[in-house]
file model_32.pdb (PDB, C-alpha atoms)
ATOM      1  CA  MET A   1       9.582 -13.379   0.848
ATOM      2  CA  ARG A   2       9.577 -11.972   4.372
ATOM      3  CA  PRO A   3       8.071 -14.264   7.043
ATOM      4  CA  PHE A   4       4.484 -13.367   7.893
ATOM      5  CA  ARG A   5       5.207 -12.378  11.503
ATOM      6  CA  PHE A   6       7.735  -9.772  10.320
ATOM      7  CA  LEU A   7       5.386  -8.072   7.879
ATOM      8  CA  PRO A   8       4.047  -4.581   8.727
ATOM      9  CA  LYS A   9       0.846  -4.837  10.731
ATOM     10  CA  VAL A  10      -1.286  -3.157   8.065
ATOM     11  CA  LEU A  11      -0.161  -5.783   5.557
ATOM     12  CA  ARG A  12      -0.967  -8.649   7.904
ATOM     13  CA  VAL A  13      -4.442  -7.213   8.482
ATOM     14  CA  LEU A  14      -5.092  -6.974   4.727
ATOM     15  CA  LEU A  15      -3.856 -10.510   4.087
ATOM     16  CA  ILE A  16      -5.913 -11.985   6.926
ATOM     17  CA  SER A  17      -9.044 -10.061   5.904
ATOM     18  CA  ASN A  18      -8.782 -11.303   2.325
ATOM     19  CA  ALA A  19      -8.066 -14.859   3.507
ATOM     20  CA  VAL A  20     -11.093 -14.949   5.826
ATOM     21  CA  ILE A  21     -13.504 -13.774   3.124
ATOM     22  CA  PHE A  22     -11.958 -16.121   0.569
ATOM     23  CA  GLY A  23     -12.231 -18.988   3.033
ATOM     24  CA  LEU A  24     -15.932 -18.322   3.538
ATOM     25  CA  ALA A  25     -16.540 -18.119  -0.206
ATOM     26  CA  PHE A  26     -14.312 -20.933  -1.474
ATOM     27  CA  ILE A  27     -14.410 -23.436   1.373
ATOM     28  CA  GLY A  28     -17.931 -22.728   2.561
ATOM     29  CA  GLY A  29     -19.508 -22.351  -0.868
ATOM     30  CA  ASN A  30     -17.438 -24.500  -3.227
ATOM     31  CA  ILE A  31     -16.096 -27.271  -1.004
ATOM     32  CA  LEU A  32     -18.702 -27.652   1.754
ATOM     33  CA  GLY A  33     -21.547 -26.658  -0.553
ATOM     34  CA  LEU A  34     -23.271 -24.328   1.918
ATOM     35  CA  HIS A  35     -26.268 -22.564   0.414
ATOM     36  CA  LEU A  36     -28.727 -19.838   1.364
ATOM     37  CA  ASN A  37     -32.254 -19.075   0.246
ATOM     38  CA  LEU A  38     -32.935 -15.440   1.113
ATOM     39  CA  PRO A  39     -36.329 -13.840   0.321
ATOM     40  CA  GLY A  40     -36.207 -11.856  -2.891
ATOM     41  CA  LEU A  41     -32.826 -13.271  -3.927
ATOM     42  CA  GLY A  42     -33.463 -16.964  -4.253
ATOM     43  CA  TYR A  43     -31.318 -20.041  -3.739
ATOM     44  CA  GLY A  44     -27.546 -19.719  -4.044
ATOM     45  CA  SER A  45     -24.224 -20.828  -2.598
ATOM     46  CA  ILE A  46     -22.291 -18.855   0.008
ATOM     47  CA  SER A  47     -19.726 -17.867  -2.628
ATOM     48  CA  GLU A  48     -22.442 -16.580  -4.956
ATOM     49  CA  TYR A  49     -23.951 -14.470  -2.188
ATOM     50  CA  ILE A  50     -20.571 -13.038  -1.181
ATOM     51  CA  ALA A  51     -19.839 -12.144  -4.800
ATOM     52  CA  TYR A  52     -23.305 -10.668  -5.264
ATOM     53  CA  PHE A  53     -23.208  -8.419  -2.200
ATOM     54  CA  GLY A  54     -19.481  -7.625  -2.298
ATOM     55  CA  ALA A  55     -18.754  -7.068  -5.997
ATOM     56  CA  PHE A  56     -18.648  -3.627  -7.577
ATOM     57  CA  TRP A  57     -21.495  -3.230 -10.056
ATOM     58  CA  PRO A  58     -20.868  -0.219 -12.346
ATOM     59  CA  PHE A  59     -24.600   0.044 -13.040
ATOM     60  CA  ALA A  60     -25.322   0.484  -9.311
ATOM     61  CA  PRO A  61     -22.902   3.216  -8.157
ATOM     62  CA  GLU A  62     -25.354   4.394  -5.496
ATOM     63  CA  GLN A  63     -24.477   1.272  -3.475
ATOM     64  CA  ALA A  64     -21.406   2.992  -2.087
ATOM     65  CA  TRP A  65     -20.119   0.099   0.037
ATOM     66  CA  ARG A  66     -19.194  -1.766  -3.155
ATOM     67  CA  PHE A  67     -16.373   0.709  -3.897
ATOM     68  CA  VAL A  68     -14.525  -0.876  -0.949
ATOM     69  CA  THR A  69     -15.923  -4.389  -0.464
ATOM     70  CA  TYR A  70     -15.061  -5.608  -3.958
ATOM     71  CA  MET A  71     -11.355  -5.352  -3.067
ATOM     72  CA  PHE A  72     -11.753  -8.168  -0.524
ATOM     73  CA  VAL A  73     -13.804 -10.591  -2.633
ATOM     74  CA  HIS A  74     -12.069 -13.531  -4.316
ATOM     75  CA  VAL A  75     -13.945 -16.693  -5.276
ATOM     76  CA  ASP A  76     -11.322 -18.310  -7.525
ATOM     77  CA  PHE A  77      -8.314 -19.953  -5.849
ATOM     78  CA  TRP A  78      -5.679 -18.832  -8.379
ATOM     79  CA  HIS A  79      -7.025 -15.285  -8.453
ATOM     80  CA  PHE A  80      -6.772 -15.137  -4.671
ATOM     81  CA  LEU A  81      -3.323 -16.766  -4.536
ATOM     82  CA  PHE A  82      -1.770 -14.503  -7.189
ATOM     83  CA  ASN A  83      -3.164 -11.314  -5.646
ATOM     84  CA  MET A  84      -2.033 -12.212  -2.133
ATOM     85  CA  LEU A  85       1.445 -13.180  -3.336
ATOM     86  CA  MET A  86       1.714  -9.823  -5.107
ATOM     87  CA  LEU A  87       0.521  -7.993  -1.990
ATOM     88  CA  TRP A  88       2.978  -9.938   0.200
ATOM     89  CA  MET A  89       6.006  -9.527  -2.082
ATOM     90  CA  PHE A  90       5.652  -5.904  -3.145
ATOM     91  CA  GLY A  91       3.531  -4.512  -0.327
ATOM     92  CA  SER A  92       6.025  -5.250   2.448
ATOM     93  CA  GLU A  93       8.764  -3.008   1.055
ATOM     94  CA  VAL A  94       6.353  -0.294  -0.043
ATOM     95  CA  ALA A  95       4.893  -0.222   3.481
ATOM     96  CA  ASP A  96       8.434   0.062   4.887
ATOM     97  CA  MET A  97       9.134   3.043   2.641
ATOM     98  CA  MET A  98       5.807   4.852   3.065
ATOM     99  CA  GLY A  99       4.744   3.907   6.575
ATOM    100  CA  THR A 100       1.399   2.526   7.721
ATOM    101  CA  LYS A 101      -0.587   5.715   7.166
ATOM    102  CA  HIS A 102       0.434   6.315   3.561
ATOM    103  CA  PHE A 103       0.481   2.646   2.595
ATOM    104  CA  SER A 104      -3.085   2.060   3.770
ATOM    105  CA  GLY A 105      -4.145   5.408   2.300
ATOM    106  CA  MET A 106      -2.653   4.529  -1.073
ATOM    107  CA  TYR A 107      -4.091   1.008  -1.047
ATOM    108  CA  PHE A 108      -7.662   2.157  -0.514
ATOM    109  CA  PHE A 109      -7.316   5.242  -2.696
ATOM    110  CA  CYS A 110      -6.122   3.143  -5.646
ATOM    111  CA  GLY A 111      -8.779   0.494  -5.067
ATOM    112  CA  ILE A 112     -11.569   3.055  -4.960
ATOM    113  CA  PHE A 113     -10.110   4.971  -7.899
ATOM    114  CA  ALA A 114     -10.013   1.722  -9.916
ATOM    115  CA  ALA A 115     -13.752   1.328  -9.316
ATOM    116  CA  VAL A 116     -14.405   4.969 -10.241
ATOM    117  CA  PHE A 117     -12.337   4.530 -13.417
ATOM    118  CA  SER A 118     -14.348   1.419 -14.323
ATOM    119  CA  LEU A 119     -17.537   3.361 -13.661
ATOM    120  CA  ALA A 120     -16.385   6.055 -16.103
ATOM    121  CA  MET A 121     -15.640   3.367 -18.701
ATOM    122  CA  PHE A 122     -19.139   1.965 -18.122
ATOM    123  CA  TRP A 123     -20.670   5.373 -18.772
ATOM    124  CA  LEU A 124     -18.625   5.526 -21.999
ATOM    125  CA  GLY A 125     -20.067   2.165 -23.031
ATOM    126  CA  MET A 126     -16.727   0.328 -22.838
ATOM    127  CA  THR A 127     -17.556  -2.165 -20.078
ATOM    128  CA  ASN A 128     -20.506  -3.410 -18.054
ATOM    129  CA  SER A 129     -18.915  -6.245 -16.083
ATOM    130  CA  PRO A 130     -18.910  -6.468 -12.281
ATOM    131  CA  ILE A 131     -15.512  -6.289 -10.560
ATOM    132  CA  ILE A 132     -14.095  -8.374  -7.721
ATOM    133  CA  GLY A 133     -10.587  -8.735  -6.320
ATOM    134  CA  ALA A 134      -7.739  -6.616  -5.028
ATOM    135  CA  SER A 135      -6.013  -6.202  -8.406
ATOM    136  CA  GLY A 136      -6.850  -2.503  -8.818
ATOM    137  CA  ALA A 137      -5.393  -1.600  -5.417
ATOM    138  CA  LEU A 138      -2.388  -3.855  -6.041
ATOM    139  CA  MET A 139      -1.593  -2.168  -9.345
ATOM    140  CA  GLY A 140      -1.386   1.092  -7.397
ATOM    141  CA  ILE A 141       1.012  -0.532  -4.916
ATOM    142  CA  PHE A 142       3.070  -1.794  -7.845
ATOM    143  CA  VAL A 143       3.331   1.797  -9.120
ATOM    144  CA  ALA A 144       4.809   2.781  -5.737
ATOM    145  CA  TYR A 145       7.257  -0.137  -5.974
ATOM    146  CA  TYR A 146       8.177   1.037  -9.470
ATOM    147  CA  LYS A 147       8.844   4.511  -8.079
ATOM    148  CA  PHE A 148      10.981   3.302  -5.164
ATOM    149  CA  PHE A 149      12.868   0.434  -6.857
ATOM    150  CA  PRO A 150      12.817   0.952 -10.659
ATOM    151  CA  ASN A 151      15.904  -1.167 -11.324
ATOM    152  CA  ARG A 152      14.913  -4.200  -9.266
ATOM    153  CA  MET A 153      14.578  -7.431 -11.216
ATOM    154  CA  LEU A 154      11.525  -9.677 -11.132
ATOM    155  CA  LEU A 155      10.416 -12.793 -12.966
ATOM    156  CA  MET A 156       7.475 -11.927 -15.186
ATOM    157  CA  PHE A 157       5.060 -14.863 -15.204
ATOM    158  CA  PHE A 158       7.582 -16.552 -12.851
ATOM    159  CA  PHE A 159       9.977 -17.115 -15.744
ATOM    160  CA  PHE A 160      11.097 -14.022 -17.699
ATOM    161  CA  PRO A 161      13.558 -11.696 -15.878
ATOM    162  CA  MET A 162      12.675  -8.024 -16.296
ATOM    163  CA  ARG A 163      13.414  -4.772 -14.479
ATOM    164  CA  ILE A 164      10.515  -3.166 -12.635
ATOM    165  CA  LYS A 165      10.692  -0.020 -14.780
ATOM    166  CA  TYR A 166       9.954  -2.141 -17.866
ATOM    167  CA  ALA A 167       7.594  -4.619 -16.233
ATOM    168  CA  MET A 168       5.350  -1.753 -15.125
ATOM    169  CA  TRP A 169       4.695  -0.603 -18.675
ATOM    170  CA  PHE A 170       4.550  -4.138 -20.036
ATOM    171  CA  MET A 171       1.615  -4.877 -17.706
ATOM    172  CA  VAL A 172      -0.079  -1.627 -18.704
ATOM    173  CA  ALA A 173       0.301  -2.548 -22.365
ATOM    174  CA  VAL A 174      -1.222  -5.993 -21.730
ATOM    175  CA  ASP A 175      -4.234  -4.453 -19.973
ATOM    176  CA  VAL A 176      -4.761  -1.911 -22.772
ATOM    177  CA  PHE A 177      -4.483  -4.612 -25.433
ATOM    178  CA  MET A 178      -6.759  -7.062 -23.588
ATOM    179  CA  ALA A 179      -9.336  -4.524 -22.371
ATOM    180  CA  HIS A 180     -11.969  -5.631 -24.913
ATOM    181  CA  SER A 181     -10.993  -9.290 -25.097
ATOM    182  CA  GLY A 182     -13.856 -10.523 -22.942
ATOM    183  CA  ASP A 183     -11.506 -12.800 -20.971
ATOM    184  CA  GLY A 184     -13.261 -12.123 -17.663
ATOM    185  CA  VAL A 185     -10.401 -10.008 -16.276
ATOM    186  CA  ALA A 186     -11.184  -6.459 -15.118
ATOM    187  CA  HIS A 187      -8.501  -4.781 -17.229
ATOM    188  CA  PHE A 188     -10.056  -1.340 -16.814
ATOM    189  CA  ALA A 189      -9.843  -1.741 -13.038
ATOM    190  CA  HIS A 190      -6.136  -2.553 -13.434
ATOM    191  CA  LEU A 191      -5.622   0.570 -15.527
ATOM    192  CA  GLY A 192      -7.580   2.616 -13.006
ATOM    193  CA  GLY A 193      -5.350   1.319 -10.234
ATOM    194  CA  VAL A 194      -2.272   2.384 -12.208
ATOM    195  CA  VAL A 195      -3.666   5.884 -12.782
ATOM    196  CA  GLY A 196      -4.625   6.121  -9.108
ATOM    197  CA  GLY A 197      -1.140   4.956  -8.123
ATOM    198  CA  PHE A 198       0.586   7.643 -10.164
ATOM    199  CA  LEU A 199      -1.785  10.283  -8.795
ATOM    200  CA  TYR A 200      -1.136   9.270  -5.192
ATOM    201  CA  MET A 201       2.626   9.087  -5.694
ATOM    202  CA  HIS A 202       2.590  12.505  -7.359
ATOM    203  CA  PHE A 203       1.078  14.105  -4.260
ATOM    204  CA  TYR A 204       3.098  11.895  -1.907
ATOM    205  CA  GLU A 205       6.380  12.983  -3.475
ATOM    206  CA  ARG A 206       5.428  16.644  -3.720
ATOM    207  CA  GLY A 207       3.153  17.248  -0.798
ATOM    208  CA  PHE A 208       2.202  14.471   1.592
ATOM    209  CA  GLY A 209       5.753  13.916   2.793
ATOM    210  CA  ASN A 210       6.140  17.619   3.684
ATOM    211  CA  LEU A 211       2.725  18.211   5.226
ATOM    212  CA  GLY A 212       4.208  18.130   8.714
ATOM    213  CA  LYS A 213       6.803  20.758   7.840
ATOM    214  CA  ALA A 214       4.206  22.889   6.082
ATOM    215  CA  PHE A 215       1.960  22.665   9.126
ATOM    216  CA  GLU A 216       4.782  23.773  11.407
ATOM    217  CA  LYS A 217       5.452  26.770   9.159
ATOM    218  CA  MET A 218       1.761  27.670   9.199
ATOM    219  CA  ARG A 219       1.716  27.523  12.996
ATOM    220  CA  GLY A 220       4.644  29.904  13.147
ATOM    221  CA  PRO A 221       7.077  30.237  16.089
ATOM    222  CA  LYS A 222       7.294  27.287  18.439
ATOM    223  CA  PHE A 223       9.484  28.748  21.216
ATOM    224  CA  THR A 224      11.044  32.038  22.244
ATOM    225  CA  VAL A 225      14.735  32.908  22.565
ATOM    226  CA  HIS A 226      15.591  35.726  25.006
ATOM    227  CA  GLN A 227      18.459  37.969  23.974
ATOM    228  CA  GLY A 228      19.454  41.013  26.085
ATOM    229  CA  GLY A 229      16.058  41.505  27.638
ATOM    230  CA  ARG A 230      14.451  41.260  24.208
ATOM    231  CA  SER A 231      12.600  38.209  23.048
ATOM    232  CA  GLU A 232      12.759  36.820  19.522
ATOM    233  CA  SER A 233      10.584  34.145  18.045
ATOM    234  CA  LYS A 234      12.476  31.410  16.282
ATOM    235  CA  PRO A 235      10.789  28.457  14.569
ATOM    236  CA  ARG A 236      12.341  25.049  15.041
ATOM    237  CA  GLU A 237      13.328  23.330  11.813
ATOM    238  CA  ASP A 238      14.261  19.694  11.256
ATOM    239  CA  SER A 239      17.718  20.681  10.038
ATOM    240  CA  ASP A 240      18.474  21.989  13.555
ATOM    241  CA  ALA A 241      18.209  18.432  14.834
ATOM    242  CA  ILE A 242      21.512  17.407  13.218
ATOM    243  CA  GLU A 243      23.552  19.455  15.684
ATOM    244  CA  GLY A 244      21.041  20.479  18.311
ATOM    245  CA  GLU A 245      19.191  17.212  18.871
ATOM    246  CA  VAL A 246      17.675  16.720  22.310
ATOM    247  CA  PHE A 247      19.901  14.469  24.406
ATOM    248  CA  TYR A 248      18.332  11.128  25.220
ATOM    249  CA  VAL A 249      19.545   9.424  28.398
ATOM    250  CA  ASP A 250      17.681   6.258  27.521
ATOM    251  CA  GLU A 251      18.816   5.102  24.065
ATOM    252  CA  ASN A 252      16.255   2.318  24.024
ATOM    253  CA  LYS A 253      13.459   4.828  24.422
ATOM    254  CA  ARG A 254      14.731   6.881  21.516
ATOM    255  CA  LEU A 255      15.184   3.784  19.360
ATOM    256  CA  ASP A 256      11.615   2.743  20.123
ATOM    257  CA  GLU A 257      10.308   6.187  19.133
ATOM    258  CA  ILE A 258      12.263   6.149  15.859
ATOM    259  CA  LEU A 259      11.031   2.668  14.966
ATOM    260  CA  LYS A 260       7.456   3.741  15.666
ATOM    261  CA  LYS A 261       7.983   6.717  13.365
ATOM    262  CA  VAL A 262       9.261   4.425  10.602
ATOM    263  CA  ASN A 263       6.246   2.164  11.012
ATOM    264  CA  ARG A 264       3.876   5.127  11.012
ATOM    265  CA  GLU A 265       5.400   7.360   8.329
ATOM    266  CA  GLY A 266       8.007   5.273   6.481
ATOM    267  CA  ILE A 267      11.798   5.306   6.508
ATOM    268  CA  ASN A 268      11.865   8.360   4.231
ATOM    269  CA  SER A 269      10.403  10.424   7.075
ATOM    270  CA  LEU A 270      13.595  10.182   9.181
ATOM    271  CA  ASN A 271      15.900  13.184   9.394
ATOM    272  CA  GLU A 272      19.681  12.870   9.197
ATOM    273  CA  SER A 273      20.115  12.674  12.966
ATOM    274  CA  GLU A 274      17.628   9.826  13.275
ATOM    275  CA  ARG A 275      19.235   7.914  10.410
ATOM    276  CA  GLN A 276      22.661   8.255  12.003
ATOM    277  CA  PHE A 277      21.293   7.098  15.349
ATOM    278  CA  LEU A 278      19.854   3.953  13.741
ATOM    279  CA  LEU A 279      23.156   3.201  12.031
ATOM    280  CA  GLN A 280      25.105   3.696  15.244
ATOM    281  CA  THR A 281      22.679   1.574  17.262
ATOM    282  CA  SER A 282      22.770  -1.279  14.743
ATOM    283  CA  GLU A 283      26.577  -1.147  14.815
ATOM    284  CA  LYS A 284      26.559  -1.399  18.623
ATOM    285  CA  LEU A 285      24.208  -4.369  18.507
ATOM    286  CA  ARG A 286      26.388  -6.073  15.911
ATOM    287  CA  ARG A 287      29.470  -5.679  18.117
ATOM    288  CA  ARG A 288      27.653  -6.964  21.206
ATOM    289  CA  ARG A 289      26.680 -10.101  19.291
ATOM    290  CA  GLY A 290      30.265 -10.644  18.193
ATOM    291  CA  GLY A 291      29.761  -9.624  14.569
ATOM    292  CA  PHE A 292      32.538  -8.362  12.323
TER     293      PHE A 292
END

call {"tool": "encode", "arguments": {"input": "model_32.pdb", "output": "structure tokens"}}
result
Amino acid sequence: MRPFRFLPKVLRVLLISNAVIFGLAFIGGNILGLHLNLPGLGYGSISEYIAYFGAFWPFAPEQAWRFVTYMFVHVDFWHFLFNMLMLWMFGSEVADMMGTKHFSGMYFFCGIFAAVFSLAMFWLGMTNSPIIGASGALMGIFVAYYKFFPNRMLLMFFFFPMRIKYAMWFMVAVDVFMAHSGDGVAHFAHLGGVVGGFLYMHFYERGFGNLGKAFEKMRGPKFTVHQGGRSESKPREDSDAIEGEVFYVDENKRLDEILKKVNREGINSLNESERQFLLQTSEKLRRRRGGF
């Protein structure tokens, strides 16, 4: 696992946010025994109040904040630990590939879609249980990991080696099989997160990644070329950058801009010129440090 300080900022924010809320619920409510007695709600521990106000209740969809808050509520230690380990292990590489904007967009889209999916199952009479935890959003992130690294190996249940492309469908099968088991796990939220993940990745692969290019085409010409007293409009395309890239006197400035782009939009957003520049810069750094 990557050290915490080297994780993408969006991932660190999510981990810290979950940890703070879990700390209030588990330490404050279960260990310290802090209780409240609010009018109209009665006497209860801090953890019970956090779960009550933060959980998603499918029979109260008008309370819109619950579509988001439930993703940050964990009251059981092992539930919290497993979810955060999954977010740490798989989220770091997905965030590297997608960038901060798309990673955070996918995380919240899948989490909200998982709640909407559970709401639909409630209307169909298939569930009426409240939902807490980040599992729905994490299943969406796992779909992205499956898309980017299908042949990676992982240890299912920390013991059985399995490729991601098989593990993905194994987990789906478990959730389908256990959906009506009454084991206290929100299997429909997991399935909703998977569906949301495939939906987001569908548009990411076919549209989101090219929105910038599409926008440039919609805007039309970006500069004018003068030829023999006559002006012609010529749009700038990314492919021009391979041979006609703007010359940067300060390589550090350009490197900083490229790294910011990777953090913002993911490594897949780089054009060929930017990729080559990163390779050349890393090679220079390796030589300066005496590498071979």

call {"tool": "resolve_selection", "arguments": {"input": "model_32.pdb", "expression": "the PyMOL selection byres ((chain A and resi 8) around 10)", "output": "JSON, numbers by chain"}}
result
{"A": [4, 5, 6, 7, 9, 10, 11, 12, 13, 91, 92, 93, 95, 96, 99, 100, 263, 264]}

call {"tool": "closest_residue", "arguments": {"input": "model_32.pdb", "among": "A:Asp175, A:Leu14, A:Met84, A:Val116", "to": "Phe59 (chain A)", "atoms": "all atoms listed in the file"}}
result
A:Val116

call {"tool": "residues_near_point", "arguments": {"input": "model_32.pdb", "point": "(-9.4, -11.6, 4.2)", "cutoff": "10 Å", "atoms": "all atoms listed in the file", "output": "PyMOL selection string"}}
result
chain A and resi 12-24+71-74+80+84

call {"tool": "write_last_selection", "arguments": {"input": "model_32.pdb", "atoms": "C-alpha atoms", "output": "PDB file, keeping the file's coordinate frame"}}
result
ATOM      1  CA  ARG A  12      -0.967  -8.649   7.904  1.00  0.00           C
ATOM      2  CA  VAL A  13      -4.442  -7.213   8.482  1.00  0.00           C
ATOM      3  CA  LEU A  14      -5.092  -6.974   4.727  1.00  0.00           C
ATOM      4  CA  LEU A  15      -3.856 -10.510   4.087  1.00  0.00           C
ATOM      5  CA  ILE A  16      -5.913 -11.985   6.926  1.00  0.00           C
ATOM      6  CA  SER A  17      -9.044 -10.061   5.904  1.00  0.00           C
ATOM      7  CA  ASN A  18      -8.782 -11.303   2.325  1.00  0.00           C
ATOM      8  CA  ALA A  19      -8.066 -14.859   3.507  1.00  0.00           C
ATOM      9  CA  VAL A  20     -11.093 -14.949   5.826  1.00  0.00           C
ATOM     10  CA  ILE A  21     -13.504 -13.774   3.124  1.00  0.00           C
ATOM     11  CA  PHE A  22     -11.958 -16.121   0.569  1.00  0.00           C
ATOM     12  CA  GLY A  23     -12.231 -18.988   3.033  1.00  0.00           C
ATOM     13  CA  LEU A  24     -15.932 -18.322   3.538  1.00  0.00           C
ATOM     14  CA  MET A  71     -11.355  -5.352  -3.067  1.00  0.00           C
ATOM     15  CA  PHE A  72     -11.753  -8.168  -0.524  1.00  0.00           C
ATOM     16  CA  VAL A  73     -13.804 -10.591  -2.633  1.00  0.00           C
ATOM     17  CA  HIS A  74     -12.069 -13.531  -4.316  1.00  0.00           C
ATOM     18  CA  PHE A  80      -6.772 -15.137  -4.671  1.00  0.00           C
ATOM     19  CA  MET A  84      -2.033 -12.212  -2.133  1.00  0.00           C
TER      20      MET A  84
END

call {"tool": "residues_around", "arguments": {"input": "model_32.pdb", "residues": "region 49-56 of chain A", "least_positions_apart": "5", "cutoff": "10 Å", "atoms": "only C-alpha atoms", "output": "NGL selection string"}}
result
:A and (21-22 or 24-25 or 29 or 35-38 or 41 or 43-44 or 61 or 63-75 or 115-116 or 118-119 or 129-133)

call {"tool": "atom_distance", "arguments": {"input": "model_32.pdb", "atom1": "CA of Met89 (chain A)", "atom2": "CA of Met1 (chain A)"}}
result
6.0 Å

call {"tool": "atom_distance", "arguments": {"input": "model_32.pdb", "atom1": "CA of Met106 (chain A)", "atom2": "CA of Ala144 (chain A)"}}
result
9.0 Å

call {"tool": "atom_distance", "arguments": {"input": "model_32.pdb", "atom1": "CA of Leu32 (chain A)", "atom2": "CA of Trp88 (chain A)"}}
result
28.0 Å

call {"tool": "resolve_selection", "arguments": {"input": "model_32.pdb", "expression": "the PyMOL selection byres ((chain A and resi 108-112) around 8)", "output": "list in words"}}
result
Phe67, Val68, Met71, Ser104, Gly105, Met106, Tyr107, Phe113, Ala114, Ala115, Val116, Ala134, Ser135, Gly136, Ala137, Leu138, Met139, Gly140, Gly192, Gly193, Val194, Gly196, Gly197 and Tyr200 of chain A

call {"tool": "write_last_selection", "arguments": {"input": "model_32.pdb", "atoms": "C-alpha atoms", "output": "compact mmCIF listing (two decimals), keeping the file's coordinate frame"}}
result
# COMPACT_ATOMS: atom_id res chain seq x y z
CA PHE A 67 -16.37 0.71 -3.90
CA VAL A 68 -14.52 -0.88 -0.95
CA MET A 71 -11.36 -5.35 -3.07
CA SER A 104 -3.08 2.06 3.77
CA GLY A 105 -4.14 5.41 2.30
CA MET A 106 -2.65 4.53 -1.07
CA TYR A 107 -4.09 1.01 -1.05
CA PHE A 113 -10.11 4.97 -7.90
CA ALA A 114 -10.01 1.72 -9.92
CA ALA A 115 -13.75 1.33 -9.32
CA VAL A 116 -14.40 4.97 -10.24
CA ALA A 134 -7.74 -6.62 -5.03
CA SER A 135 -6.01 -6.20 -8.41
CA GLY A 136 -6.85 -2.50 -8.82
CA ALA A 137 -5.39 -1.60 -5.42
CA LEU A 138 -2.39 -3.86 -6.04
CA MET A 139 -1.59 -2.17 -9.35
CA GLY A 140 -1.39 1.09 -7.40
CA GLY A 192 -7.58 2.62 -13.01
CA GLY A 193 -5.35 1.32 -10.23
CA VAL A 194 -2.27 2.38 -12.21
CA GLY A 196 -4.62 6.12 -9.11
CA GLY A 197 -1.14 4.96 -8.12
CA TYR A 200 -1.14 9.27 -5.19

call {"tool": "axis_aligned_box", "arguments": {"input": "model_32.pdb", "around": "region 67-82 of chain A", "padding_each_side": "4 Å", "output": "lines of an AutoDock Vina configuration file"}}
result
center_x = -9.1
center_y = -9.6
center_z = -4.5
size_x = 22.6
size_y = 28.7
size_z = 16.0

call {"tool": "resolve_selection", "arguments": {"input": "model_32.pdb", "expression": "the PyMOL selection byres ((chain A and resi 147) around 12)", "output": "list in words"}}
result
Phe90, Glu93, Val94, Met97, Met98, Gly140, Ile141, Phe142, Val143, Ala144, Tyr145, Tyr146, Phe148, Phe149, Pro150, Asn151, Arg152, Ile164, Lys165, Tyr166, Met168, Gly197, Phe198, Tyr200, Met201, His202, Tyr204 and Glu205 of chain A

call {"tool": "closest_residue", "arguments": {"input": "model_32.pdb", "among": "A:Ala186, A:Leu154, A:Leu191, A:Ile46", "to": "Val172 (chain A)", "atoms": "only C-alpha atoms"}}
result
A:Leu191
